[in-house]
file model_27.tsv (TSV, C-alpha atoms and all ligand atoms)
chain	number	residue	atom	x	y	z
A	412	MET	CA	66.44	-4.95	-44.25
A	413	LYS	CA	62.94	-6.50	-44.23
A	414	ILE	CA	60.42	-5.04	-41.75
A	415	SER	CA	60.04	-8.44	-40.04
A	416	ASN	CA	63.81	-8.68	-39.48
A	417	ILE	CA	63.97	-5.16	-38.03
A	418	LEU	CA	61.15	-6.04	-35.65
A	419	ILE	CA	62.72	-9.33	-34.57
A	420	ASN	CA	66.13	-7.67	-34.04
A	421	TRP	CA	64.51	-4.97	-31.94
A	422	TYR	CA	62.69	-7.64	-29.89
A	423	ARG	CA	65.86	-9.67	-29.31
A	424	ASN	CA	67.58	-6.61	-27.83
A	425	ASP	CA	64.73	-4.99	-26.01
A	426	HIS	CA	61.90	-7.10	-24.59
A	427	ARG	CA	60.48	-7.79	-21.15
A	428	LYS	CA	61.07	-11.24	-19.68
A	429	LEU	CA	57.64	-12.66	-18.92
A	430	PRO	CA	56.87	-16.21	-17.71
A	431	TRP	CA	54.46	-17.08	-20.54
A	432	ARG	CA	57.20	-16.24	-23.04
A	433	GLU	CA	59.54	-18.79	-21.47
A	434	THR	CA	57.19	-21.70	-22.14
A	435	GLN	CA	55.48	-23.49	-25.02
A	436	ASP	CA	52.90	-25.08	-22.71
A	437	PRO	CA	49.55	-24.24	-24.39
A	438	TYR	CA	47.69	-24.28	-21.05
A	439	HIS	CA	49.96	-21.62	-19.56
A	440	ILE	CA	49.91	-19.56	-22.76
A	441	TRP	CA	46.11	-19.73	-22.92
A	442	LEU	CA	45.83	-18.68	-19.23
A	443	SER	CA	48.09	-15.68	-19.84
A	444	GLU	CA	46.21	-14.64	-22.98
A	445	ILE	CA	42.80	-14.73	-21.27
A	446	ILE	CA	44.13	-12.84	-18.23
A	447	LEU	CA	45.78	-10.20	-20.43
A	448	GLN	CA	42.65	-9.45	-22.47
A	449	GLN	CA	41.74	-5.86	-21.42
A	450	THR	CA	44.37	-6.02	-18.63
A	451	ARG	CA	47.86	-4.50	-18.34
A	452	VAL	CA	50.82	-6.87	-17.97
A	453	ASP	CA	51.82	-5.55	-14.52
A	454	GLN	CA	48.25	-6.01	-13.28
A	455	GLY	CA	47.81	-9.47	-14.87
A	456	LEU	CA	51.15	-10.97	-13.83
A	457	PRO	CA	50.24	-11.79	-10.18
A	458	TYR	CA	46.96	-13.34	-11.35
A	459	TYR	CA	48.86	-15.53	-13.82
A	460	HIS	CA	51.10	-16.80	-10.99
A	461	LYS	CA	48.09	-17.41	-8.70
A	462	PHE	CA	46.23	-19.42	-11.35
A	463	VAL	CA	49.26	-21.52	-12.33
A	464	GLU	CA	49.94	-22.25	-8.65
A	465	GLN	CA	46.36	-23.05	-7.66
A	466	PHE	CA	45.51	-24.96	-10.88
A	467	PRO	CA	48.74	-26.49	-12.21
A	468	THR	CA	46.92	-28.35	-15.02
A	469	VAL	CA	43.86	-27.76	-17.14
A	470	ARG	CA	42.26	-30.75	-15.37
A	471	ASP	CA	42.65	-28.98	-12.00
A	472	LEU	CA	40.99	-25.88	-13.41
A	473	ALA	CA	38.14	-27.88	-14.95
A	474	ALA	CA	37.49	-29.66	-11.63
A	475	ALA	CA	37.34	-26.41	-9.59
A	476	GLU	CA	34.13	-24.77	-8.36
A	477	GLU	CA	33.19	-21.64	-10.33
A	478	GLN	CA	33.07	-19.66	-7.08
A	479	GLU	CA	36.72	-20.58	-6.39
A	480	ILE	CA	37.72	-19.30	-9.86
A	481	LEU	CA	35.73	-16.09	-9.51
A	482	THR	CA	37.29	-15.44	-6.09
A	483	LEU	CA	40.79	-15.83	-7.55
A	484	TRP	CA	39.81	-13.57	-10.46
A	485	GLN	CA	38.48	-10.85	-8.14
A	486	GLY	CA	39.81	-7.38	-9.00
A	487	LEU	CA	40.58	-8.14	-12.66
A	488	GLY	CA	37.14	-7.14	-13.98
A	489	TYR	CA	35.41	-8.49	-17.10
A	490	TYR	CA	34.27	-11.56	-15.17
A	491	SER	CA	32.87	-13.28	-18.25
A	492	ARG	CA	36.52	-14.14	-18.99
A	493	ALA	CA	36.72	-16.18	-15.77
A	494	ARG	CA	33.46	-17.99	-16.48
A	495	ASN	CA	34.61	-18.75	-20.05
A	496	LEU	CA	37.97	-19.94	-18.70
A	497	HIS	CA	36.16	-22.52	-16.61
A	498	THR	CA	33.89	-23.66	-19.48
A	499	ALA	CA	36.86	-23.92	-21.88
A	500	ALA	CA	38.89	-25.97	-19.35
A	501	LYS	CA	35.96	-28.41	-19.09
A	502	MET	CA	35.77	-28.58	-22.91
A	503	VAL	CA	39.48	-29.50	-23.08
A	504	VAL	CA	38.95	-32.27	-20.52
A	505	GLU	CA	35.69	-33.61	-21.96
A	506	GLN	CA	36.34	-33.24	-25.69
A	507	HIS	CA	40.15	-33.56	-25.90
A	508	LEU	CA	40.88	-35.88	-22.93
A	509	GLY	CA	42.72	-33.13	-21.08
A	510	THR	CA	45.21	-32.38	-23.87
A	511	PHE	CA	45.06	-28.89	-25.32
A	512	PRO	CA	43.99	-28.90	-28.99
A	513	ASN	CA	46.83	-28.12	-31.40
A	514	THR	CA	45.07	-26.67	-34.43
A	515	TYR	CA	43.83	-23.11	-34.95
A	516	GLU	CA	40.32	-24.35	-35.84
A	517	GLU	CA	39.97	-26.48	-32.70
A	518	LEU	CA	41.35	-23.72	-30.48
A	519	LEU	CA	38.74	-21.38	-31.93
A	520	GLN	CA	35.98	-23.72	-30.72
A	521	LEU	CA	36.95	-23.18	-27.07
A	522	LYS	CA	34.68	-20.82	-25.12
A	523	GLY	CA	36.19	-17.33	-24.86
A	524	VAL	CA	38.83	-17.97	-27.53
A	525	GLY	CA	38.48	-15.65	-30.52
A	526	GLU	CA	40.65	-15.22	-33.60
A	527	TYR	CA	43.35	-13.30	-31.73
A	528	THR	CA	43.71	-15.80	-28.85
A	529	ALA	CA	43.58	-18.82	-31.18
A	530	ALA	CA	46.36	-17.30	-33.32
A	531	ALA	CA	48.42	-16.47	-30.22
A	532	ILE	CA	48.22	-20.02	-28.81
A	533	ALA	CA	48.74	-21.62	-32.25
A	534	SER	CA	51.90	-19.59	-32.90
A	535	PHE	CA	53.42	-19.42	-29.36
A	536	ALA	CA	52.77	-23.05	-28.42
A	537	TYR	CA	52.98	-24.81	-31.79
A	538	ASP	CA	54.80	-22.26	-34.02
A	539	LEU	CA	51.93	-22.39	-36.52
A	540	PRO	CA	51.89	-19.53	-39.07
A	541	TYR	CA	49.02	-17.37	-37.76
A	542	PRO	CA	49.59	-13.62	-37.35
A	543	VAL	CA	48.09	-12.10	-34.19
A	544	LEU	CA	46.12	-8.91	-34.37
A	545	ASP	CA	45.55	-7.12	-31.05
A	546	GLY	CA	45.30	-3.41	-30.24
A	547	ASN	CA	49.09	-3.02	-30.26
A	548	VAL	CA	49.40	-4.60	-33.69
A	549	TYR	CA	46.59	-2.44	-35.12
A	550	ARG	CA	48.45	0.64	-33.91
A	551	VAL	CA	51.86	-0.38	-35.26
A	552	ILE	CA	50.53	-1.40	-38.69
A	553	SER	CA	48.27	1.63	-39.11
A	554	ARG	CA	51.16	3.95	-38.24
A	555	LEU	CA	53.89	2.17	-40.21
A	556	PHE	CA	51.80	2.29	-43.39
A	557	ALA	CA	49.77	5.44	-42.56
A	558	ILE	CA	46.48	3.54	-42.89
A	559	ALA	CA	43.66	5.94	-42.04
A	560	ASP	CA	40.75	3.50	-42.47
A	561	PRO	CA	38.85	3.10	-39.16
A	562	ILE	CA	40.19	0.11	-37.24
A	563	ASN	CA	36.84	-0.47	-35.52
A	564	LYS	CA	35.07	-1.13	-38.86
A	565	PRO	CA	35.32	-4.33	-40.96
A	566	ALA	CA	36.68	-2.46	-44.01
A	567	GLY	CA	39.54	-0.91	-41.99
A	568	GLN	CA	40.30	-4.23	-40.28
A	569	LYS	CA	40.57	-5.91	-43.69
A	570	VAL	CA	43.15	-3.36	-44.86
A	571	ILE	CA	45.22	-3.81	-41.68
A	572	LYS	CA	45.02	-7.63	-41.93
A	573	GLN	CA	46.32	-7.52	-45.49
A	574	ALA	CA	49.20	-5.17	-44.58
A	575	LEU	CA	50.10	-7.46	-41.66
A	576	ALA	CA	49.96	-10.56	-43.89
A	577	ASP	CA	52.35	-8.82	-46.32
A	578	ILE	CA	55.08	-8.42	-43.68
A	579	PHE	CA	54.38	-11.57	-41.59
A	580	ASP	CA	57.34	-13.92	-41.18
A	581	ASP	CA	55.73	-17.36	-41.39
A	582	LYS	CA	59.06	-19.13	-40.74
A	583	ASN	CA	59.34	-17.39	-37.33
A	584	SER	CA	55.70	-16.88	-36.47
A	585	ALA	CA	56.03	-17.02	-32.65
A	586	LEU	CA	58.97	-14.61	-32.64
A	587	PHE	CA	57.36	-12.23	-35.14
A	588	ASN	CA	54.08	-12.13	-33.19
A	589	GLN	CA	55.82	-11.53	-29.86
A	590	ALA	CA	57.98	-8.85	-31.46
A	591	ILE	CA	55.20	-6.80	-33.06
A	592	MET	CA	53.01	-6.92	-29.93
A	593	GLU	CA	55.91	-5.95	-27.68
A	594	PHE	CA	56.94	-3.16	-30.06
A	595	GLY	CA	53.41	-1.72	-29.85
A	596	ALA	CA	53.30	-2.11	-26.05
A	597	MET	CA	56.74	-0.65	-25.30
A	598	HIS	CA	57.89	1.53	-28.19
A	599	CYS	CA	55.11	2.61	-30.56
A	600	THR	CA	52.82	3.39	-27.61
A	601	PRO	CA	49.42	5.13	-27.87
A	602	LYS	CA	50.37	8.49	-26.34
A	603	LYS	CA	54.16	8.91	-26.52
A	604	PRO	CA	55.68	6.75	-29.26
A	605	ASN	CA	59.47	6.96	-29.25
A	606	CYS	CA	59.80	8.06	-32.90
A	607	SER	CA	63.18	9.75	-32.41
A	608	GLU	CA	64.85	6.44	-31.50
A	609	CYS	CA	62.75	4.16	-33.67
A	610	PRO	CA	64.29	1.51	-35.92
A	611	PHE	CA	61.57	2.40	-38.46
A	612	ALA	CA	62.19	6.16	-38.38
A	613	ALA	CA	63.42	6.06	-42.01
A	614	ASN	CA	60.41	4.14	-43.38
A	615	CYS	CA	57.44	4.91	-41.12
A	616	LEU	CA	54.85	6.64	-43.33
A	617	SER	CA	52.84	8.23	-40.51
A	618	LEU	CA	56.05	9.87	-39.25
A	619	GLU	CA	56.84	11.13	-42.75
A	620	TYR	CA	53.28	12.52	-43.20
A	621	GLU	CA	53.14	13.87	-39.60
A	622	LYS	CA	50.11	11.72	-38.76
A	623	VAL	CA	51.47	9.70	-35.84
A	624	ASP	CA	49.13	11.29	-33.28
A	625	LYS	CA	46.09	10.81	-35.57
A	626	LEU	CA	46.55	7.03	-35.99
A	627	PRO	CA	45.09	4.54	-35.51
A	628	TYR	CA	41.76	6.09	-36.43
A	629	LYS	CA	38.51	4.97	-34.79
A	630	GLU	CA	35.07	6.01	-35.97
A	631	GLY	CA	32.33	7.07	-33.49
A	632	LYS	CA	33.55	5.53	-30.24
A	633	ASN	CA	31.04	3.71	-27.97
A	634	LYS	CA	28.91	5.92	-25.76
A	635	VAL	CA	29.23	5.43	-22.01
A	636	ARG	CA	25.80	5.03	-20.33
A	637	LYS	CA	25.28	6.65	-16.93
A	638	VAL	CA	23.49	4.50	-14.35
A	639	GLU	CA	22.65	4.82	-10.64
A	640	HIS	CA	22.98	2.13	-7.98
A	641	SER	CA	21.82	2.14	-4.36
A	642	TYR	CA	23.25	-0.66	-2.21
A	643	PHE	CA	22.02	-1.70	1.25
A	644	PHE	CA	24.82	-2.79	3.53
A	645	ILE	CA	22.76	-4.38	6.30
A	646	SER	CA	24.87	-5.13	9.36
A	647	TYR	CA	23.97	-7.20	12.39
A	648	ASP	CA	26.44	-8.70	14.89
A	649	ASN	CA	29.39	-8.79	12.45
A	650	LYS	CA	27.20	-10.38	9.82
A	651	THR	CA	25.88	-8.97	6.58
A	652	TYR	CA	23.39	-9.97	3.90
A	653	ILE	CA	24.10	-10.51	0.23
A	654	GLU	CA	22.59	-11.75	-3.00
A	655	GLN	CA	24.12	-13.30	-6.10
A	656	ARG	CA	23.83	-11.48	-9.41
A	657	THR	CA	22.10	-13.50	-12.06
A	658	GLU	CA	22.98	-11.46	-15.15
A	659	GLY	CA	25.20	-8.79	-16.70
A	660	ILE	CA	28.97	-8.38	-16.51
A	661	TRP	CA	28.95	-9.17	-12.78
A	662	GLN	CA	26.91	-12.36	-13.24
A	663	ASN	CA	27.46	-14.87	-10.38
A	664	LEU	CA	29.36	-12.34	-8.23
A	665	PHE	CA	27.87	-11.36	-4.87
A	666	GLN	CA	26.63	-7.95	-3.79
A	667	PHE	CA	24.62	-6.16	-1.13
A	668	PRO	CA	20.89	-5.90	-1.94
A	669	LEU	CA	20.66	-3.41	-4.81
A	670	VAL	CA	18.13	-1.00	-6.27
A	671	GLU	CA	19.19	0.32	-9.66
A	672	HIS	CA	18.43	4.01	-9.15
A	673	HIS	CA	19.02	6.68	-6.51
A	674	LEU	CA	16.55	7.12	-3.70
A	675	ASN	CA	15.11	9.99	-1.70
A	676	GLN	CA	14.36	9.43	1.98
A	677	GLU	CA	10.82	8.19	1.40
A	678	GLU	CA	11.83	5.83	-1.44
A	679	LEU	CA	14.67	4.53	0.69
A	680	MET	CA	12.26	3.43	3.43
A	681	THR	CA	9.84	1.92	0.89
A	682	GLU	CA	12.57	-0.06	-0.90
A	683	LEU	CA	13.96	-1.26	2.40
A	684	SER	CA	10.51	-2.44	3.48
A	685	HIS	CA	10.39	-4.62	0.33
A	686	ILE	CA	13.65	-6.25	1.36
A	687	MET	CA	13.38	-6.79	5.09
A	688	LYS	CA	11.23	-6.41	8.17
A	689	PRO	CA	13.35	-5.15	11.07
A	690	LYS	CA	12.22	-5.99	14.59
A	691	ALA	CA	13.32	-2.58	15.82
A	692	LYS	CA	13.97	0.70	14.03
A	693	PRO	CA	17.28	0.47	12.11
A	694	GLN	CA	19.91	3.21	12.00
A	695	ILE	CA	20.23	4.25	8.37
A	696	SER	CA	22.86	6.50	6.82
A	697	LEU	CA	24.39	7.19	3.46
A	698	PHE	CA	27.92	5.99	4.14
A	699	TYR	CA	29.67	6.21	0.80
A	700	ASN	CA	29.12	7.65	-2.66
A	701	THR	CA	31.49	6.84	-5.49
A	702	THR	CA	31.67	6.87	-9.26
A	703	HIS	CA	32.79	3.63	-10.85
A	704	ILE	CA	33.70	3.52	-14.53
A	705	LEU	CA	33.38	0.42	-16.70
A	706	SER	CA	33.93	0.25	-20.45
A	707	HIS	CA	30.28	1.06	-21.32
A	708	ARG	CA	28.92	2.32	-18.02
A	709	LYS	CA	29.50	5.05	-15.50
A	710	ILE	CA	27.95	3.96	-12.22
A	711	ASP	CA	27.06	6.58	-9.62
A	712	ALA	CA	26.82	4.33	-6.54
A	713	ASN	CA	25.38	5.09	-3.10
A	714	PHE	CA	26.08	2.66	-0.28
A	715	TYR	CA	23.67	2.90	2.68
A	716	THR	CA	24.54	1.33	6.00
A	717	ILE	CA	21.58	-0.20	7.79
A	718	LEU	CA	22.49	-1.10	11.39
A	719	VAL	CA	20.09	-3.39	13.23
A	720	ASP	CA	20.37	-4.79	16.74
A	721	THR	CA	18.15	-7.84	16.27
A	722	LYS	CA	18.25	-10.16	13.30
A	723	PRO	CA	15.81	-8.90	10.63
A	724	ILE	CA	13.36	-11.02	8.67
A	725	PHE	CA	14.11	-10.99	4.96
A	726	LEU	CA	11.29	-10.83	2.46
A	727	LYS	CA	13.37	-11.88	-0.55
A	728	SER	CA	14.48	-15.51	-0.67
A	729	ASN	CA	17.67	-14.80	-2.65
A	730	ILE	CA	19.19	-12.72	0.18
A	731	PHE	CA	21.25	-14.69	2.68
A	732	GLU	CA	23.45	-14.12	5.71
A	733	ILE	CA	27.24	-14.40	5.82
A	734	GLU	CA	30.04	-13.45	8.20
A	735	MET	CA	31.65	-10.16	7.16
A	736	SER	CA	35.02	-11.94	6.81
A	737	GLN	CA	33.59	-14.24	4.09
A	738	LEU	CA	32.87	-11.31	1.77
A	739	GLY	CA	35.50	-11.21	-0.97
A	740	THR	CA	37.22	-14.34	0.35
A	741	GLU	CA	34.58	-17.05	-0.08
A	742	TYR	CA	32.05	-14.92	-1.94
A	743	PRO	CA	33.61	-13.12	-4.93
A	744	ILE	CA	32.68	-9.45	-5.33
A	745	SER	CA	33.16	-6.67	-7.89
A	746	VAL	CA	35.82	-3.97	-7.61
A	747	LEU	CA	33.00	-1.53	-6.78
A	748	THR	CA	31.99	-3.54	-3.68
A	749	GLN	CA	35.67	-3.90	-2.79
A	750	LYS	CA	36.00	-0.08	-2.90
A	751	PHE	CA	33.20	0.17	-0.32
A	752	LEU	CA	34.90	-2.40	1.93
A	753	ASN	CA	38.24	-0.54	1.67
A	754	LYS	CA	36.55	2.72	2.61
A	755	ARG	CA	34.86	1.02	5.58
A	756	ASN	CA	38.11	-0.60	6.76
A	757	ASN	CA	39.99	2.71	6.46
A	758	ASP	CA	37.33	4.56	8.43
A	759	ASP	CA	37.54	1.92	11.17
A	760	LYS	CA	41.29	2.49	11.69
B	1	LIG	S1	58.39	6.07	-36.07
B	1	LIG	FE1	57.02	6.44	-34.39
B	1	LIG	S2	54.99	5.97	-35.19
B	1	LIG	FE2	56.47	5.10	-36.61
B	1	LIG	S3	56.71	3.01	-35.92
B	1	LIG	FE3	58.31	4.20	-34.94
B	1	LIG	S4	57.45	4.78	-32.93
B	1	LIG	FE4	55.75	4.10	-34.26
call {"tool": "encode", "arguments": {"input": "model_27.tsv", "output": "structure tokens", "more": "lines below"}}
Ligand code: SF4
result
Amino acid sequence: MKISNILINWYRNDHRKLPWRETQDPYHIWLSEIILQQTRVDQGLPYYHKFVEQFPTVRDLAAAEEQEILTLWQGLGYYSRARNLHTAAKMVVEQHLGTFPNTYEELLQLKGVGEYTAAAIASFAYDLPYPVLDGNVYRVISRLFAIADPINKPAGQKVIKQALADIFDDKNSALFNQAIMEFGAMHCTPKKPNCSECPFAANCLSLEYEKVDKLPYKEGKNKVRKVEHSYFFISYDNKTYIEQRTEGIWQNLFQFPLVEHHLNQEELMTELSHIMKPKAKPQISLFYNTTHILSHRKIDANFYTILVDTKPIFLKSNIFEIEMSQLGTEYPISVLTQKFLNKRNNDDK
């Protein structure tokens, strides 16, 4: 039997029922694909439901305020996806009169839509013959054909693309794409592939050559940079003071005033004096230290609580006052800031 038929048979018997697989609506498929980039299905599913409910059409999403979108996105990480989502929705409304484009080339023009996402929407919504190539597909193909070329280098990607094109079923492109991605996610998994009950056990070359645990191969993985953050949680009468980030992966999210290194006692007082002028001596303590890991960064974060009993004067114009209850509800924050709030809430109980 052909590899594509084996895959499709396996999928028909053994796949998860997910809402974006029950529809051909390109808006819903696009939403799910953007949410699921760098996110597990179980984590992304509630976000998919929230977005579909709050923004039933691409016009609703385009008309929303960015802050509303970022607040809904909170906790998913990689916030550039949310900003791109908003820009792309506006592009669909302004350039395509609110109707999702239906060619691979036009889909590729949308902000945040790369080759993988364009192929996924083209095949799932319109059944166009474009094979998808995500991390799951790289793994399945490199193992099935024992391809040892590095999948994070153009030469290795070319070899995988060709092997995928050779087995792609262009008459059933949506089904084939769903099947190979699901097979990688559920059966040929990174750490414990189920080789003993695999429909490819007789023809999988990495199994035959005992290379399953060595594939896919990646050359020189990215180095994680260590950085230090010191945050000032300034608290006065159930209010706090925040600023909006203007750059980086947390661009447009809100945070407590930040200094991007650790501080000794003397530096702490100096930095604080650049931020605010208290009317009376504040109570300062290091409340929380945590390590937060992102794809390219390891952040060692200190959160200082600064308690004041009269409203301070702020020396930086970008810092403004909010009610504590608005943080994370009206003003979107990173998972790191959320960790601090959770710790604070738990300590209060
Ligand atoms: S035999 Fe193992 S490595 Fe090969 S495709 Fe099946 S699960 Fe993956």
call {"tool": "closest_residue", "arguments": {"input": "model_27.tsv", "among": "A:Tyr537, A:Trp421, A:Phe587, A:Tyr515", "to": "ligand LIG 1 (chain B)", "atoms": "only C-alpha atoms and all ligand atoms"}}
result
A:Trp421
call {"tool": "residues_around", "arguments": {"input": "model_27.tsv", "residues": "Phe594 of chain A", "least_positions_apart": "3", "cutoff": "12 Å", "atoms": "all atoms listed in the file", "output": "ChimeraX atom specification"}}
result
/A:415,417-427,546-552,555,586-591,597-601,604-606,609-611
call {"tool": "atom_distance", "arguments": {"input": "model_27.tsv", "atom1": "atom CA of Ser745 of chain A", "atom2": "atom CA of Lys709 of chain A"}}
result
14.4 Å
call {"tool": "residues_around", "arguments": {"input": "model_27.tsv", "residues": "Tyr699 of chain A", "least_positions_apart": "2", "cutoff": "10 Å", "atoms": "all atoms listed in the file", "output": "list in words"}}
result
Tyr642, Ser696, Leu697, Thr701, Ala712, Asn713, Phe714, Tyr715, Thr716, Lys750, Phe751, Lys754 and Arg755 of chain A
call {"tool": "closest_residue", "arguments": {"input": "model_27.tsv", "among": "A:Thr482, A:Thr434, A:Asn675, A:Ser553", "to": "Gln737 of chain A", "atoms": "all atoms listed in the file"}}
result
A:Thr482
call {"tool": "axis_aligned_box", "arguments": {"input": "model_27.tsv", "around": "ligand LIG 1 (chain B)", "padding_each_side": "4 Å", "output": "AutoDock Vina command-line options"}}
result
--center_x 56.7 --center_y 4.7 --center_z -34.8 --size_x 11.4 --size_y 11.4 --size_z 11.7
call {"tool": "atom_distance", "arguments": {"input": "model_27.tsv", "atom1": "atom CA of Ser646 of chain A", "atom2": "atom CA of Pro723 of chain A"}}
result
9.9 Å
call {"tool": "closest_residue", "arguments": {"input": "model_27.tsv", "among": "A:Pro668, A:Val524, A:Gln435, A:Glu464", "to": "His685 of chain A", "atoms": "all atoms listed in the file"}}
result
A:Pro668
call {"tool": "closest_residue", "arguments": {"input": "model_27.tsv", "among": "A:Ala536, A:Ile414, A:Leu487, A:Ile558", "to": "Leu447 of chain A", "atoms": "all atoms listed in the file"}}
result
A:Leu487
call {"tool": "closest_residue", "arguments": {"input": "model_27.tsv", "among": "A:Ala585, A:Met592, A:Val463, A:Leu616", "to": "ligand LIG 1 (chain B)", "atoms": "all atoms listed in the file"}}
result
A:Leu616
call {"tool": "residues_around", "arguments": {"input": "model_27.tsv", "residues": "segment 452-462 of chain A", "least_positions_apart": "5", "cutoff": "8 Å", "atoms": "all atoms listed in the file", "output": "JSON, numbers by chain"}}
result
{"A": [442, 443, 446, 447, 467, 483, 484, 487]}
call {"tool": "residues_around", "arguments": {"input": "model_27.tsv", "residues": "Leu521 of chain A", "least_positions_apart": "4", "cutoff": "8 Å", "atoms": "all atoms listed in the file", "output": "list in words"}}
result
Ala499, Met502, Val503 and Glu517 of chain A
call {"tool": "atom_distance", "arguments": {"input": "model_27.tsv", "atom1": "atom CA of Phe667 of chain A", "atom2": "atom CA of Ile653 of chain A"}}
result
4.6 Å
call {"tool": "closest_residue", "arguments": {"input": "model_27.tsv", "among": "A:Ser617, A:Asn649, A:Ser491, A:Thr468", "to": "ligand LIG 1 (chain B)", "atoms": "only C-alpha atoms and all ligand atoms"}}
result
A:Ser617
call {"tool": "residues_around", "arguments": {"input": "model_27.tsv", "residues": "segment 582-584 of chain A", "least_positions_apart": "3", "cutoff": "9 Å", "atoms": "all atoms listed in the file", "output": "list in words"}}
result
Ser534, Phe535, Asp538, Leu539, Pro540, Tyr541, Pro542, Phe579, Phe587, Asn588 and Gln589 of chain A
call {"tool": "decode", "arguments": {"input": "model_27.tsv", "residues": "segment 439-496 of chain A", "atoms": "C-alpha atoms", "output": "compact mmCIF listing (two decimals), in the first residue's frame"}}
result
# COMPACT_ATOMS: atom_id res chain seq x y z
CA HIS A 439 -11.35 29.87 11.76
CA ILE A 440 -8.57 27.76 10.24
CA TRP A 441 -6.22 30.75 10.13
CA LEU A 442 -7.02 31.63 13.78
CA SER A 443 -6.26 28.07 14.87
CA GLU A 444 -3.01 27.94 12.89
CA ILE A 445 -1.69 31.20 14.36
CA ILE A 446 -2.68 30.16 17.90
CA LEU A 447 -1.05 26.74 17.49
CA GLN A 448 2.30 28.10 16.30
CA GLN A 449 4.69 27.24 19.19
CA THR A 450 1.70 26.20 21.34
CA ARG A 451 0.35 22.76 22.33
CA VAL A 452 -3.18 21.84 21.23
CA ASP A 453 -4.51 21.50 24.81
CA GLN A 454 -3.12 24.93 25.69
CA GLY A 455 -4.34 26.60 22.46
CA LEU A 456 -7.86 25.14 22.40
CA PRO A 457 -9.44 27.49 25.01
CA TYR A 458 -7.85 30.49 23.27
CA TYR A 459 -9.34 29.37 19.94
CA HIS A 460 -12.82 29.24 21.53
CA LYS A 461 -12.34 32.65 23.18
CA PHE A 462 -11.28 34.30 19.91
CA VAL A 463 -14.08 32.75 17.85
CA GLU A 464 -16.61 33.82 20.48
CA GLN A 465 -15.33 37.36 20.97
CA PHE A 466 -14.57 37.98 17.26
CA PRO A 467 -16.97 35.84 15.20
CA THR A 468 -15.76 37.33 11.89
CA VAL A 469 -12.52 38.70 10.54
CA ARG A 470 -14.21 42.13 10.40
CA ASP A 471 -14.84 41.98 14.18
CA LEU A 472 -11.19 41.16 14.77
CA ALA A 473 -9.99 43.94 12.46
CA ALA A 474 -12.20 46.49 14.26
CA ALA A 475 -10.95 45.54 17.76
CA GLU A 476 -8.44 47.57 19.79
CA GLU A 477 -4.97 45.98 19.90
CA GLN A 478 -5.09 46.08 23.71
CA GLU A 479 -8.27 43.96 23.67
CA ILE A 480 -6.53 41.36 21.46
CA LEU A 481 -3.39 41.31 23.59
CA THR A 482 -5.49 40.87 26.75
CA LEU A 483 -7.26 37.87 25.22
CA TRP A 484 -3.92 36.47 24.09
CA GLN A 485 -2.39 36.82 27.56
CA GLY A 486 -0.61 33.64 28.73
CA LEU A 487 0.05 32.25 25.25
CA GLY A 488 3.44 33.96 24.80
CA TYR A 489 5.05 34.99 21.51
CA TYR A 490 2.94 38.16 21.43
CA SER A 491 4.10 39.16 17.96
CA ARG A 492 1.60 36.53 16.77
CA ALA A 493 -1.27 38.52 18.31
CA ARG A 494 -0.06 41.80 16.81
CA ASN A 495 0.33 40.13 13.39
CA LEU A 496 -3.13 38.59 13.75
